[in-house]
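Peer 1: Please find target33.cif (mmCIF, C-alpha atoms) on the next line:
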```
data_coords
#
loop_
_atom_site.label_atom_id
_atom_site.label_comp_id
_atom_site.auth_asym_id
_atom_site.auth_seq_id
_atom_site.Cartn_x
_atom_site.Cartn_y
_atom_site.Cartn_z
CA MET F 9 -12.90 -25.31 48.10
CA ALA F 10 -13.43 -28.97 47.62
CA ALA F 11 -14.81 -29.08 44.11
CA LEU F 12 -12.00 -27.43 42.16
CA ASN F 13 -8.58 -26.26 43.12
CA LEU F 14 -8.13 -22.61 42.27
CA GLY F 15 -4.86 -21.81 43.95
CA SER F 16 -4.51 -18.91 46.35
CA THR F 17 -2.34 -16.12 47.61
CA GLY F 18 -0.84 -18.55 50.00
CA ALA F 19 0.06 -21.89 48.60
CA GLY F 20 -2.08 -22.32 45.59
CA ALA F 21 -2.27 -25.78 44.15
CA ALA F 22 -0.70 -27.70 41.34
CA ASP F 23 -4.05 -28.61 39.78
CA ALA F 24 -4.24 -25.07 38.43
CA THR F 25 -1.08 -25.50 36.39
CA GLU F 26 -2.55 -24.38 33.08
CA THR F 27 -3.56 -21.03 34.56
CA ARG F 28 -2.50 -18.14 32.36
CA ALA F 29 -3.50 -14.51 32.53
CA ARG F 30 -6.08 -13.42 29.98
CA GLY F 31 -4.36 -12.27 26.81
CA HIS F 32 -1.33 -14.51 27.26
CA LYS F 33 -0.15 -16.53 24.31
CA PRO F 34 -0.66 -20.31 24.45
CA ALA F 35 1.84 -21.94 26.77
CA PRO F 36 4.82 -23.31 24.85
CA ALA F 37 5.89 -26.90 25.24
CA ALA F 38 8.18 -27.71 28.12
CA SER F 39 11.67 -26.54 27.31
CA ALA F 40 14.65 -28.83 27.31
CA PRO F 41 16.55 -28.69 30.58
CA CYS F 42 19.52 -26.33 30.60
CA ALA F 43 22.76 -27.21 32.29
CA PRO F 44 23.10 -26.00 35.87
CA GLY F 45 24.86 -22.69 35.90
CA ALA F 46 23.19 -21.47 32.72
CA ILE F 47 22.49 -17.76 32.47
CA VAL F 48 19.37 -16.81 34.40
CA PRO F 49 16.90 -15.43 31.82
CA GLY F 50 15.40 -11.99 32.24
CA ALA F 51 17.55 -11.23 35.28
CA THR F 52 19.65 -8.21 36.17
CA PRO F 53 23.40 -8.65 35.61
CA ALA F 54 23.94 -9.28 39.34
CA ALA F 55 21.68 -12.35 39.22
CA GLN F 56 22.38 -13.65 35.72
CA SER F 57 25.14 -16.04 36.76
CA GLY F 58 22.75 -17.70 39.19
CA PRO F 59 24.21 -17.17 42.68
CA ALA F 60 22.01 -18.61 45.41
CA HIS F 61 22.13 -15.24 47.16
CA VAL F 62 22.85 -12.03 45.29
CA THR F 63 25.20 -9.83 47.30
CA GLU F 64 25.87 -7.25 44.61
CA PRO F 65 23.81 -4.06 44.97
CA VAL F 66 21.21 -3.52 42.24
CA ALA F 67 19.68 -0.17 41.32
CA TYR F 68 16.09 -1.33 40.85
CA ASP F 69 13.74 1.36 39.64
CA ALA F 70 10.37 -0.23 40.48
CA ILE F 71 8.63 -2.98 42.44
CA LEU F 72 6.29 -5.52 40.83
CA LEU F 73 3.62 -6.80 43.24
CA ALA F 74 2.27 -10.07 41.83
CA GLY F 75 -1.10 -11.44 42.95
CA PHE F 76 -3.45 -14.28 42.08
CA GLY F 77 -6.45 -12.13 41.18
CA GLY F 78 -10.16 -12.57 41.78
CA PRO F 79 -13.61 -11.56 40.51
CA GLU F 80 -15.10 -8.24 41.54
CA GLY F 81 -18.76 -8.82 40.69
CA GLN F 82 -21.25 -11.55 39.87
CA ASP F 83 -20.64 -11.19 36.13
CA ASP F 84 -16.90 -11.76 36.66
CA VAL F 85 -17.16 -15.08 38.50
CA ILE F 86 -17.43 -17.59 35.66
CA PRO F 87 -15.00 -15.73 33.34
CA PHE F 88 -12.51 -15.62 36.22
CA LEU F 89 -12.91 -19.34 36.88
CA ARG F 90 -12.45 -20.02 33.18
CA ASN F 91 -9.14 -18.14 33.36
CA VAL F 92 -7.99 -20.12 36.38
CA THR F 93 -8.85 -23.47 34.80
CA SER F 94 -7.84 -22.58 31.24
CA GLY F 95 -6.77 -25.59 29.21
CA ARG F 96 -8.46 -28.14 31.45
CA GLY F 97 -11.77 -28.38 29.60
CA ILE F 98 -13.92 -27.94 32.69
CA PRO F 99 -17.54 -27.11 31.79
CA ASP F 100 -19.28 -24.10 33.27
CA GLU F 101 -21.67 -26.39 35.16
CA ARG F 102 -18.77 -27.69 37.22
CA LEU F 103 -17.31 -24.24 37.65
CA GLU F 104 -20.59 -23.26 39.30
CA GLU F 105 -19.76 -25.72 42.09
CA VAL F 106 -17.02 -23.32 43.12
CA ALA F 107 -18.76 -20.17 41.92
CA HIS F 108 -21.29 -20.35 44.75
CA HIS F 109 -18.47 -19.59 47.20
CA TYR F 110 -17.88 -16.29 45.43
CA ARG F 111 -21.59 -15.66 44.91
CA HIS F 112 -22.05 -16.06 48.67
CA PHE F 113 -19.90 -12.91 48.99
CA GLY F 114 -21.70 -11.00 46.23
CA GLY F 115 -19.50 -12.39 43.46
CA THR F 116 -16.52 -10.52 44.83
CA SER F 117 -13.29 -12.07 46.02
CA PRO F 118 -11.63 -9.98 48.73
CA ILE F 119 -8.21 -10.57 47.22
CA ASN F 120 -8.02 -7.57 44.89
CA ALA F 121 -9.12 -5.15 47.61
CA GLN F 122 -6.53 -6.70 49.91
CA ASN F 123 -3.78 -6.25 47.33
CA ARG F 124 -4.83 -2.65 46.77
CA ARG F 125 -4.43 -2.06 50.50
CA LEU F 126 -1.10 -3.89 50.50
CA LYS F 127 0.12 -1.80 47.56
CA ALA F 128 -0.90 1.40 49.35
CA SER F 129 0.77 0.22 52.56
CA LEU F 130 3.97 -0.62 50.72
CA GLU F 131 3.97 2.80 49.08
CA ALA F 132 3.49 4.48 52.47
CA GLU F 133 6.29 2.42 54.04
CA LEU F 134 8.64 3.22 51.16
CA ALA F 135 7.81 6.92 51.41
CA SER F 136 8.38 6.94 55.17
CA ARG F 137 11.90 5.61 54.58
CA GLY F 138 12.61 7.99 51.73
CA ILE F 139 12.83 5.18 49.18
CA ASP F 140 11.85 6.23 45.66
CA LEU F 141 10.50 2.99 44.18
CA PRO F 142 7.05 2.98 42.57
CA VAL F 143 4.91 -0.15 43.05
CA TYR F 144 3.17 -1.75 40.08
CA TRP F 145 0.56 -4.42 40.75
CA GLY F 146 -0.40 -7.22 38.36
CA ASN F 147 -2.41 -10.45 38.71
CA ARG F 148 -2.20 -13.85 37.13
CA ASN F 149 -5.94 -14.38 36.60
CA TRP F 150 -7.85 -11.09 36.61
CA ASP F 151 -7.54 -7.34 36.12
CA PRO F 152 -5.04 -5.82 36.51
CA TYR F 153 -2.93 -8.44 34.73
CA LEU F 154 0.83 -8.84 34.85
CA ASN F 155 0.97 -7.82 31.19
CA ASP F 156 -0.71 -4.53 32.09
CA ALA F 157 1.65 -3.91 35.00
CA LEU F 158 4.73 -4.43 32.83
CA ALA F 159 3.38 -2.20 30.09
CA GLU F 160 2.63 0.50 32.66
CA ALA F 161 6.10 0.22 34.17
CA LYS F 162 7.74 0.44 30.77
CA ALA F 163 5.65 3.45 29.78
CA ALA F 164 6.88 5.21 32.93
CA GLY F 165 10.48 4.48 31.98
CA HIS F 166 11.19 1.62 34.39
CA SER F 167 13.26 -1.37 33.32
CA LYS F 168 14.74 -3.04 36.44
CA LEU F 169 11.96 -4.57 38.52
CA ILE F 170 12.15 -6.46 41.80
CA ALA F 171 9.10 -8.69 42.19
CA ILE F 172 7.17 -9.61 45.33
CA ALA F 173 4.81 -12.56 44.89
CA THR F 174 2.01 -12.70 47.43
CA SER F 175 3.06 -16.17 48.54
CA ALA F 176 5.59 -17.12 51.19
CA TYR F 177 6.45 -20.80 50.64
CA SER F 178 8.15 -23.02 48.09
CA SER F 179 6.11 -25.14 45.68
CA TYR F 180 5.15 -25.03 42.03
CA SER F 181 2.01 -22.97 42.59
CA SER F 182 3.42 -20.68 45.24
CA CYS F 183 6.72 -19.84 43.57
CA ARG F 184 7.65 -21.35 40.21
CA GLN F 185 4.27 -20.64 38.61
CA TYR F 186 4.69 -16.96 39.41
CA ARG F 187 8.13 -17.09 37.80
CA GLU F 188 6.66 -18.74 34.72
CA ASP F 189 4.02 -16.03 34.54
CA PHE F 190 6.72 -13.36 34.66
CA ALA F 191 8.39 -15.04 31.68
CA ASP F 192 5.07 -15.28 29.84
CA ALA F 193 4.27 -11.62 30.49
CA LEU F 194 7.63 -10.47 29.12
CA ALA F 195 7.11 -12.61 26.03
CA ASP F 196 3.51 -11.48 25.52
CA THR F 197 4.33 -7.78 25.81
CA GLY F 198 7.48 -8.04 23.71
CA LEU F 199 9.45 -6.45 26.54
CA GLY F 200 11.87 -9.33 27.10
CA ASP F 201 14.83 -7.29 25.89
CA GLN F 202 13.71 -4.11 27.65
CA ILE F 203 12.72 -5.14 31.18
CA GLN F 204 14.62 -7.24 33.71
CA ILE F 205 12.79 -8.91 36.60
CA ASP F 206 14.36 -10.33 39.74
CA LYS F 207 12.33 -11.66 42.67
CA VAL F 208 12.72 -11.43 46.44
CA ARG F 209 13.34 -14.67 48.28
CA GLN F 210 10.49 -16.77 49.63
CA PHE F 211 9.76 -15.16 52.98
CA PHE F 212 8.15 -17.94 55.02
CA ASP F 213 10.60 -17.44 57.88
CA HIS F 214 11.20 -13.70 57.64
CA PRO F 215 10.36 -11.98 60.95
CA GLY F 216 7.90 -9.67 59.20
CA PHE F 217 5.79 -12.63 58.08
CA VAL F 218 6.17 -14.62 61.31
CA THR F 219 5.39 -11.83 63.79
CA PRO F 220 1.66 -11.45 62.98
CA PHE F 221 1.14 -15.17 63.56
CA VAL F 222 3.02 -15.06 66.87
CA GLU F 223 0.73 -12.27 68.04
CA GLY F 224 -2.34 -14.10 66.77
CA VAL F 225 -1.52 -17.36 68.54
CA ARG F 226 -0.71 -15.57 71.77
CA ASP F 227 -3.95 -13.58 71.66
CA GLY F 228 -6.01 -16.60 70.64
CA LEU F 229 -4.76 -18.74 73.48
CA GLU F 230 -5.16 -15.99 76.05
CA GLY F 231 -8.67 -15.27 74.84
CA LEU F 232 -9.77 -18.89 75.09
CA GLU F 233 -8.19 -19.26 78.52
CA ALA F 234 -9.88 -16.13 79.81
CA SER F 235 -13.32 -16.83 78.34
CA ALA F 236 -13.56 -20.54 79.06
CA GLY F 237 -11.07 -21.15 81.86
CA LEU F 238 -9.29 -23.86 79.88
CA ASP F 239 -5.97 -25.57 80.53
CA ARG F 240 -3.85 -24.73 77.50
CA THR F 241 -1.61 -27.77 77.92
CA THR F 242 -4.41 -30.33 77.72
CA GLU F 243 -7.64 -28.70 76.55
CA ILE F 244 -6.58 -26.42 73.67
CA GLU F 245 -4.92 -27.42 70.41
CA VAL F 246 -3.40 -25.15 67.78
CA LEU F 247 -3.97 -26.13 64.15
CA PHE F 248 -1.66 -24.54 61.60
CA ALA F 249 -3.55 -24.59 58.31
CA THR F 250 -2.20 -24.33 54.78
CA HIS F 251 -3.31 -25.25 51.29
CA SER F 252 -2.95 -28.94 50.49
CA ILE F 253 -1.14 -29.87 47.29
CA PRO F 254 -0.63 -33.24 45.57
CA SER F 255 2.00 -35.30 47.36
CA THR F 256 4.01 -35.71 44.15
CA ASP F 257 4.22 -31.93 43.75
CA ALA F 258 5.11 -31.46 47.40
CA ALA F 259 7.98 -33.92 47.01
CA LYS F 260 9.39 -31.76 44.18
CA SER F 261 9.23 -28.53 46.16
CA GLY F 262 12.57 -26.96 46.91
CA PRO F 263 15.95 -28.12 45.58
CA ALA F 264 16.29 -31.91 45.54
CA GLU F 265 19.79 -31.81 47.00
CA ARG F 266 18.45 -30.43 50.28
CA GLY F 267 16.82 -33.81 50.99
CA PHE F 268 13.64 -32.56 52.65
CA GLY F 269 11.96 -35.96 52.39
CA GLU F 270 8.23 -36.54 52.36
CA GLY F 271 6.35 -33.31 51.76
CA GLY F 272 9.46 -31.63 50.39
CA ALA F 273 10.44 -28.08 51.25
CA TYR F 274 6.76 -27.07 51.29
CA ALA F 275 5.87 -29.16 54.34
CA ALA F 276 9.28 -28.65 55.98
CA GLN F 277 8.98 -24.86 55.79
CA HIS F 278 5.52 -24.88 57.34
CA ARG F 279 6.58 -27.19 60.18
CA ALA F 280 9.66 -25.10 60.92
CA VAL F 281 7.68 -21.85 61.02
CA ALA F 282 4.97 -23.40 63.21
CA GLU F 283 7.59 -24.45 65.74
CA VAL F 284 8.99 -20.91 65.82
CA VAL F 285 5.53 -19.37 66.22
CA MET F 286 4.70 -21.63 69.17
CA ALA F 287 8.00 -20.90 70.88
CA LYS F 288 7.80 -17.13 70.37
CA ALA F 289 4.17 -17.08 71.49
CA GLY F 290 5.21 -18.67 74.79
CA ALA F 291 3.19 -21.74 73.88
CA ALA F 292 5.79 -24.48 73.64
CA ASP F 293 3.68 -26.54 76.06
CA VAL F 294 0.52 -26.32 73.94
CA PRO F 295 -0.37 -29.22 71.57
CA TRP F 296 -0.27 -28.33 67.88
CA GLN F 297 -0.24 -29.92 64.45
CA LEU F 298 0.11 -28.94 60.80
CA VAL F 299 -3.08 -29.53 58.83
CA TYR F 300 -4.19 -28.94 55.26
CA GLN F 301 -7.24 -27.54 53.52
CA SER F 302 -8.85 -26.99 50.12
CA ARG F 303 -7.76 -30.24 48.49
CA SER F 304 -9.36 -31.26 45.21
CA GLY F 305 -8.79 -33.71 42.42
CA PRO F 306 -9.69 -37.42 42.23
CA PRO F 307 -9.64 -39.43 45.46
CA SER F 308 -7.04 -41.72 43.88
CA MET F 309 -4.49 -38.89 43.87
CA PRO F 310 -2.67 -38.54 47.21
CA TRP F 311 -2.62 -35.03 48.66
CA LEU F 312 -0.96 -33.73 51.79
CA GLU F 313 -2.96 -34.64 54.90
CA PRO F 314 -4.59 -34.47 57.42
CA ASP F 315 -7.48 -32.33 56.27
CA ILE F 316 -8.31 -29.66 58.84
CA ASN F 317 -11.89 -30.84 59.25
CA ASP F 318 -10.78 -34.42 59.89
CA ALA F 319 -8.27 -33.15 62.44
CA ILE F 320 -10.94 -31.10 64.21
CA GLU F 321 -13.28 -34.08 64.40
CA GLU F 322 -10.64 -36.05 66.32
CA LEU F 323 -9.89 -33.38 68.92
CA PRO F 324 -12.69 -34.15 71.44
CA ALA F 325 -11.47 -37.76 71.76
CA ALA F 326 -8.07 -36.35 72.78
CA GLY F 327 -9.67 -34.26 75.52
CA ARG F 328 -9.58 -30.97 73.66
CA LYS F 329 -12.28 -28.39 74.31
CA ALA F 330 -11.03 -25.60 72.08
CA VAL F 331 -9.00 -24.99 68.95
CA VAL F 332 -6.92 -22.09 67.64
CA ILE F 333 -6.83 -22.08 63.83
CA VAL F 334 -3.78 -20.40 62.32
CA PRO F 335 -3.87 -19.71 58.54
CA LEU F 336 -0.10 -20.14 58.34
CA GLY F 337 0.01 -20.72 54.60
CA PHE F 338 -1.77 -17.51 53.62
CA VAL F 339 -0.82 -13.85 53.49
CA SER F 340 -4.33 -12.37 53.54
CA ASP F 341 -7.98 -13.18 54.24
CA HIS F 342 -8.89 -14.22 50.72
CA MET F 343 -11.63 -16.63 49.67
CA GLU F 344 -10.03 -19.85 50.87
CA VAL F 345 -9.60 -18.35 54.32
CA LEU F 346 -13.08 -16.84 54.48
CA TRP F 347 -14.83 -19.94 53.12
CA ASP F 348 -12.69 -22.96 54.02
CA LEU F 349 -11.69 -21.75 57.48
CA ASP F 350 -14.24 -19.16 58.65
CA ASN F 351 -17.13 -21.13 57.20
CA GLU F 352 -16.34 -24.84 56.98
CA ALA F 353 -13.67 -25.33 59.67
CA LEU F 354 -15.38 -23.17 62.30
CA GLU F 355 -18.66 -24.95 61.55
CA THR F 356 -16.95 -28.32 62.06
CA ALA F 357 -15.58 -27.12 65.40
CA GLU F 358 -19.04 -25.99 66.51
CA GLN F 359 -20.56 -29.33 65.48
CA HIS F 360 -18.07 -31.11 67.73
CA GLY F 361 -18.58 -28.85 70.72
CA LEU F 362 -15.28 -27.03 70.44
CA ALA F 363 -14.70 -23.37 71.16
CA ALA F 364 -12.71 -21.98 68.25
CA VAL F 365 -10.89 -18.87 67.13
CA ARG F 366 -9.23 -18.14 63.80
CA VAL F 367 -6.24 -15.81 64.08
CA PRO F 368 -5.58 -13.07 61.48
CA THR F 369 -3.40 -13.39 58.41
CA PRO F 370 -0.56 -10.86 57.96
CA GLY F 371 -2.64 -8.67 55.61
CA THR F 372 -1.23 -5.17 56.08
CA HIS F 373 0.23 -5.73 59.54
CA PRO F 374 3.00 -3.13 59.98
CA ALA F 375 5.65 -5.80 60.61
CA TYR F 376 4.68 -7.66 57.43
CA VAL F 377 4.68 -4.56 55.25
CA ALA F 378 7.99 -3.41 56.70
CA GLY F 379 9.39 -6.91 56.17
CA LEU F 380 8.50 -6.88 52.49
CA VAL F 381 10.31 -3.58 52.07
CA ASP F 382 13.28 -5.05 53.95
CA LEU F 383 13.32 -7.95 51.46
CA VAL F 384 13.48 -5.48 48.59
CA LEU F 385 16.31 -3.60 50.29
CA GLU F 386 18.27 -6.85 50.67
CA ARG F 387 18.57 -6.88 46.92
CA VAL F 388 18.98 -3.14 46.50
CA ASN F 389 21.86 -3.13 48.98
CA GLY F 390 23.29 -6.58 48.22
CA THR F 391 22.97 -7.56 51.89
CA PRO F 392 25.36 -10.37 52.90
CA VAL F 393 23.65 -13.66 53.74
CA ALA F 394 24.86 -13.58 57.34
CA GLU F 395 23.04 -10.28 57.87
CA ARG F 396 19.69 -11.44 56.49
CA PRO F 397 17.07 -12.31 59.12
CA ALA F 398 15.53 -15.78 59.11
CA GLU F 399 13.59 -17.35 61.97
CA THR F 400 14.31 -20.98 61.00
CA GLU F 401 17.41 -22.97 60.11
CA LEU F 402 16.01 -23.45 56.59
CA GLY F 403 16.60 -19.84 55.63
CA PRO F 404 17.39 -17.31 54.46
CA TRP F 405 15.95 -18.84 51.29
CA TYR F 406 17.42 -18.40 47.83
CA ASP F 407 17.32 -15.22 45.78
CA VAL F 408 17.75 -17.25 42.59
CA CYS F 409 15.84 -20.53 42.54
CA ARG F 410 18.03 -23.57 42.07
CA PRO F 411 17.95 -25.91 39.04
CA GLY F 412 14.89 -28.17 39.02
CA CYS F 413 13.32 -26.47 42.02
CA CYS F 414 9.52 -26.92 42.33
CA GLU F 415 8.97 -28.92 39.15
CA ASN F 416 5.48 -29.15 37.71
CA VAL F 417 5.10 -32.93 37.78
CA ARG F 418 2.42 -33.08 35.10
CA LEU F 419 3.71 -30.49 32.63
CA GLY F 420 7.45 -30.44 33.22
CA PHE F 421 9.60 -27.34 33.07
CA ARG F 422 8.50 -24.18 31.27
CA PRO F 423 10.50 -20.97 30.85
CA ALA F 424 10.69 -19.11 34.17
CA LEU F 425 12.49 -16.05 35.47
CA ALA F 426 14.43 -15.59 38.73
CA GLY F 427 15.85 -19.10 38.67
CA ILE F 428 18.41 -21.32 36.99
CA ALA F 429 16.92 -23.53 34.28
CA PRO F 430 15.31 -25.98 34.25
#
```
In structure tokens, write the structure found in this file.
Peer 2:
Amino acid sequence: MAALNLGSTGAGAADATETRARGHKPAPAASAPCAPGAIVPGATPAAQSGPAHVTEPVAYDAILLAGFGGPEGQDDVIPFLRNVTSGRGIPDERLEEVAHHYRHFGGTSPINAQNRRLKASLEAELASRGIDLPVYWGNRNWDPYLNDALAEAKAAGHSKLIAIATSAYSSYSSCRQYREDFADALADTGLGDQIQIDKVRQFFDHPGFVTPFVEGVRDGLEGLEASAGLDRTTEIEVLFATHSIPSTDAAKSGPAERGFGEGGAYAAQHRAVAEVVMAKAGAADVPWQLVYQSRSGPPSMPWLEPDINDAIEELPAAGRKAVVIVPLGFVSDHMEVLWDLDNEALETAEQHGLAAVRVPTPGTHPAYVAGLVDLVLERVNGTPVAERPAETELGPWYDVCRPGCCENVRLGFRPALAGIAP
């Protein structure tokens, strides 16, 4: 989506920082930074002191599945876009520049249907293991809202929730903004002293998330080789695609003391996972690069590059005849995958004479669903760090976000759960 940045289930984007679920109170001013080591607000006792990894068992009584949300009919499109861009003063005429993407699909984003399937799959996986944890689902920008999910959980007698955000990486939009929304929802519903919310770690390098991409790359390469007789080492390139974000926001992703450098933890996590995927797919000899999509904002503002379409345009000059597109930054086939990749990127490849295949997102892949349940059980059981699976040297990531992690550069720090202030 080039006209406006709406965020996503994968990375999202920092331009949507004023997003608040319908019915939320106005966002308070940025709070004054708290000293490192301050009590983690809204957390269970095991997490309140702010350990990087919580190794004390916690008797959670429900799971909160947190999504981005999306319209489910033509009449929903503009109201949904108003929610996403709330506080930015964007007129409806400009919103229509993005609305046509949704209208192309009948005004319906696939994201809610995908999260319904994910919720059902999680419930089935939990039942198959004999785990009695109900799953409540709430969105940031459309029905059902986080406020509704918390009210429903409370009405059913649940007070210790472990949250799963449908986003794997570290950045403001893909992690901290969810944590801010949890804090807002507790405040809005008046349940701040009745419900505690912890959050599973960012799962970019968990085997359950990585495995579907390994299978997709392997199948994509084999398919292109078989159908076109191509040399994978010189004629095929793999492009790992994720949502672009402003460079200043990327630099603030992850804890500053880790020293991730340009692109911050956000870019470092993607690169590390891409390397693992290529190695596990038996494709270490295949050319690949990390590319970005869906940037917006004024041209004067630097965003992470290269854009996927620019990268595709340059492939023929390098001798490439085919491309495998991997939506590494996304957990499901939502609008930015269906439009920006399946429409725009594949069209660019065709225009430049390239055979192309887009591999699946995790969706409800059994390994992904099982992995999410495993992440919940890490916290239920207080699993020691050494026993937690992580496919890269960057993980396992933190259970409790560190002070200053993933700052919103434009708005500063707002109250957020599952992390040490600020």
Peer 1: Could you give me, as a Markdown table, a per-residue list for stretch 289-390 of chain F showing, wherever an atom lies at most 10 Å from an atom of stretch 258-274 of chain F, the closest pair of atoms and their distance in Å to one decimal, using all atoms listed in the file and sorting by chain then residue number from low to high?
Peer 2:
```
| residue | atom | partner | partner_atom | distance |
| --- | --- | --- | --- | --- |
| F:Trp311 | CA | F:Ala258 | CA | 8.6 |
| F:Leu312 | CA | F:Gly271 | CA | 7.3 |
| F:Glu313 | CA | F:Gly271 | CA | 9.9 |
| F:Gly337 | CA | F:Tyr274 | CA | 9.8 |
```
Peer 1: Write out the residues from the selection above, keeping C-alpha atoms, as an mmCIF file, in the frame of the given file.
Peer 2:
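selection.cif was written with the following content:
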```
data_model
loop_
_atom_site.group_PDB
_atom_site.id
_atom_site.type_symbol
_atom_site.label_atom_id
_atom_site.label_comp_id
_atom_site.auth_asym_id
_atom_site.auth_seq_id
_atom_site.Cartn_x
_atom_site.Cartn_y
_atom_site.Cartn_z
ATOM 1 C CA TRP F 311 -2.620 -35.030 48.660
ATOM 2 C CA LEU F 312 -0.960 -33.730 51.790
ATOM 3 C CA GLU F 313 -2.960 -34.640 54.900
ATOM 4 C CA GLY F 337 0.010 -20.720 54.600
#
```
Peer 1: Using only the atoms of stretch 246-249 of chain F listed in the file, plus 4 Å on each side, state the axis-aligned box centre and edge lengths in Å rounded to one decimal, as lines of an AutoDock Vina configuration file.
Peer 2:
```
center_x = -2.8
center_y = -25.3
center_z = 63.0
size_x = 10.3
size_y = 9.6
size_z = 17.5
```
Peer 1: Could you spell out the hits of the PyMOL selection byres ((chain F and resi 390) around 6) on the shown file, as a short mmCIF file (atom, residue, chain, number, x, y, z; two decimals) with C-alpha atoms, in the coordinates of the input?
Peer 2:
```cif
data_model
loop_
_atom_site.label_atom_id
_atom_site.label_comp_id
_atom_site.auth_asym_id
_atom_site.auth_seq_id
_atom_site.Cartn_x
_atom_site.Cartn_y
_atom_site.Cartn_z
CA THR F 63 25.20 -9.83 47.30
CA GLU F 64 25.87 -7.25 44.61
CA PRO F 65 23.81 -4.06 44.97
CA GLU F 386 18.27 -6.85 50.67
CA ARG F 387 18.57 -6.88 46.92
CA VAL F 388 18.98 -3.14 46.50
CA ASN F 389 21.86 -3.13 48.98
CA THR F 391 22.97 -7.56 51.89
#
```
Peer 1: Taking (-0.5, -15.2, 67.8) in the file's coordinates as the center, which residues reach within 12 Å of it, counting all atoms listed in the file, put as JSON, numbers by chain?
Peer 2: {"F": [217, 218, 219, 220, 221, 222, 223, 224, 225, 226, 227, 228, 229, 230, 231, 246, 248, 282, 284, 285, 286, 287, 288, 289, 290, 291, 332, 333, 334, 335, 336, 365, 366, 367, 368, 369, 370]}
Peer 1: Would you compute the distance between atom CA of F:Pro423 and atom CA of F:Arg410? Give it in Å to one decimal.
Peer 2: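 Atom-to-atom, atom CA of F:Pro423 to atom CA of F:Arg410, that is 13.8 Å.
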Peer 1: Identify, on the basis of all atoms listed in the file, every residue whose closest approach to F:Ser175 does not exceed 12 Å; exclude the query and any residue fewer than 2 positions from it along the same chain; express the result as a JSON list (two decimals) with C-alpha atoms, in the coordinates of the input.
Peer 2:
```json
[["chain", "number", "residue", "atom", "x", "y", "z"],
["F", 15, "GLY", "CA", -4.86, -21.81, 43.95],
["F", 16, "SER", "CA", -4.51, -18.91, 46.35],
["F", 17, "THR", "CA", -2.34, -16.12, 47.61],
["F", 18, "GLY", "CA", -0.84, -18.55, 50.00],
["F", 19, "ALA", "CA", 0.06, -21.89, 48.60],
["F", 20, "GLY", "CA", -2.08, -22.32, 45.59],
["F", 21, "ALA", "CA", -2.27, -25.78, 44.15],
["F", 73, "LEU", "CA", 3.62, -6.80, 43.24],
["F", 74, "ALA", "CA", 2.27, -10.07, 41.83],
["F", 75, "GLY", "CA", -1.10, -11.44, 42.95],
["F", 76, "PHE", "CA", -3.45, -14.28, 42.08],
["F", 171, "ALA", "CA", 9.10, -8.69, 42.19],
["F", 172, "ILE", "CA", 7.17, -9.61, 45.33],
["F", 173, "ALA", "CA", 4.81, -12.56, 44.89],
["F", 177, "TYR", "CA", 6.45, -20.80, 50.64],
["F", 178, "SER", "CA", 8.15, -23.02, 48.09],
["F", 179, "SER", "CA", 6.11, -25.14, 45.68],
["F", 180, "TYR", "CA", 5.15, -25.03, 42.03],
["F", 181, "SER", "CA", 2.01, -22.97, 42.59],
["F", 182, "SER", "CA", 3.42, -20.68, 45.24],
["F", 183, "CYS", "CA", 6.72, -19.84, 43.57],
["F", 184, "ARG", "CA", 7.65, -21.35, 40.21],
["F", 185, "GLN", "CA", 4.27, -20.64, 38.61],
["F", 186, "TYR", "CA", 4.69, -16.96, 39.41],
["F", 187, "ARG", "CA", 8.13, -17.09, 37.80],
["F", 207, "LYS", "CA", 12.33, -11.66, 42.67],
["F", 208, "VAL", "CA", 12.72, -11.43, 46.44],
["F", 209, "ARG", "CA", 13.34, -14.67, 48.28],
["F", 210, "GLN", "CA", 10.49, -16.77, 49.63],
["F", 211, "PHE", "CA", 9.76, -15.16, 52.98],
["F", 212, "PHE", "CA", 8.15, -17.94, 55.02],
["F", 217, "PHE", "CA", 5.79, -12.63, 58.08],
["F", 250, "THR", "CA", -2.20, -24.33, 54.78],
["F", 251, "HIS", "CA", -3.31, -25.25, 51.29],
["F", 274, "TYR", "CA", 6.76, -27.07, 51.29],
["F", 336, "LEU", "CA", -0.10, -20.14, 58.34],
["F", 337, "GLY", "CA", 0.01, -20.72, 54.60],
["F", 338, "PHE", "CA", -1.77, -17.51, 53.62],
["F", 339, "VAL", "CA", -0.82, -13.85, 53.49],
["F", 340, "SER", "CA", -4.33, -12.37, 53.54],
["F", 370, "PRO", "CA", -0.56, -10.86, 57.96],
["F", 371, "GLY", "CA", -2.64, -8.67, 55.61],
["F", 380, "LEU", "CA", 8.50, -6.88, 52.49]]
```
Peer 1: What's the 10 Å shell around F:Ala128, counting only C-alpha atoms, without same-chain residues fewer than 5 positions away, as a VMD selection string?
Peer 2: chain F and resid 122 to 123 133 to 134 143 372
Peer 1: Using the chain letters and numbers from this file, what does the PyMOL selection byres ((chain F and resi 241) around 6) select? Give the answer as an NGL selection string.
Peer 2: :F and (239-240 or 242 or 293-294)
Peer 1: Give as a ChimeraX atom specification the residues that the PyMOL selection byres ((chain F and resi 119) around 7) matches when applied to the coordinates above.
Peer 2: /F:77-78,117-118,120-123,342
Peer 1: Measuring atom to atom with all atoms listed in the file, identify which of F:Leu154, F:Ala195, F:Ala275, F:Val281 is nearest to F:Glu401.
Peer 2: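 Closest to F:Glu401, using all atoms listed in the file: F:Val281.
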Peer 1: Here is a test: counting only C-alpha atoms, which residue of F:Val299, F:Leu130, F:Ala363, F:Ala191 is nearest to F:Arg148?
Peer 2: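 Using only C-alpha atoms, F:Arg148 sits closest to F:Ala191.
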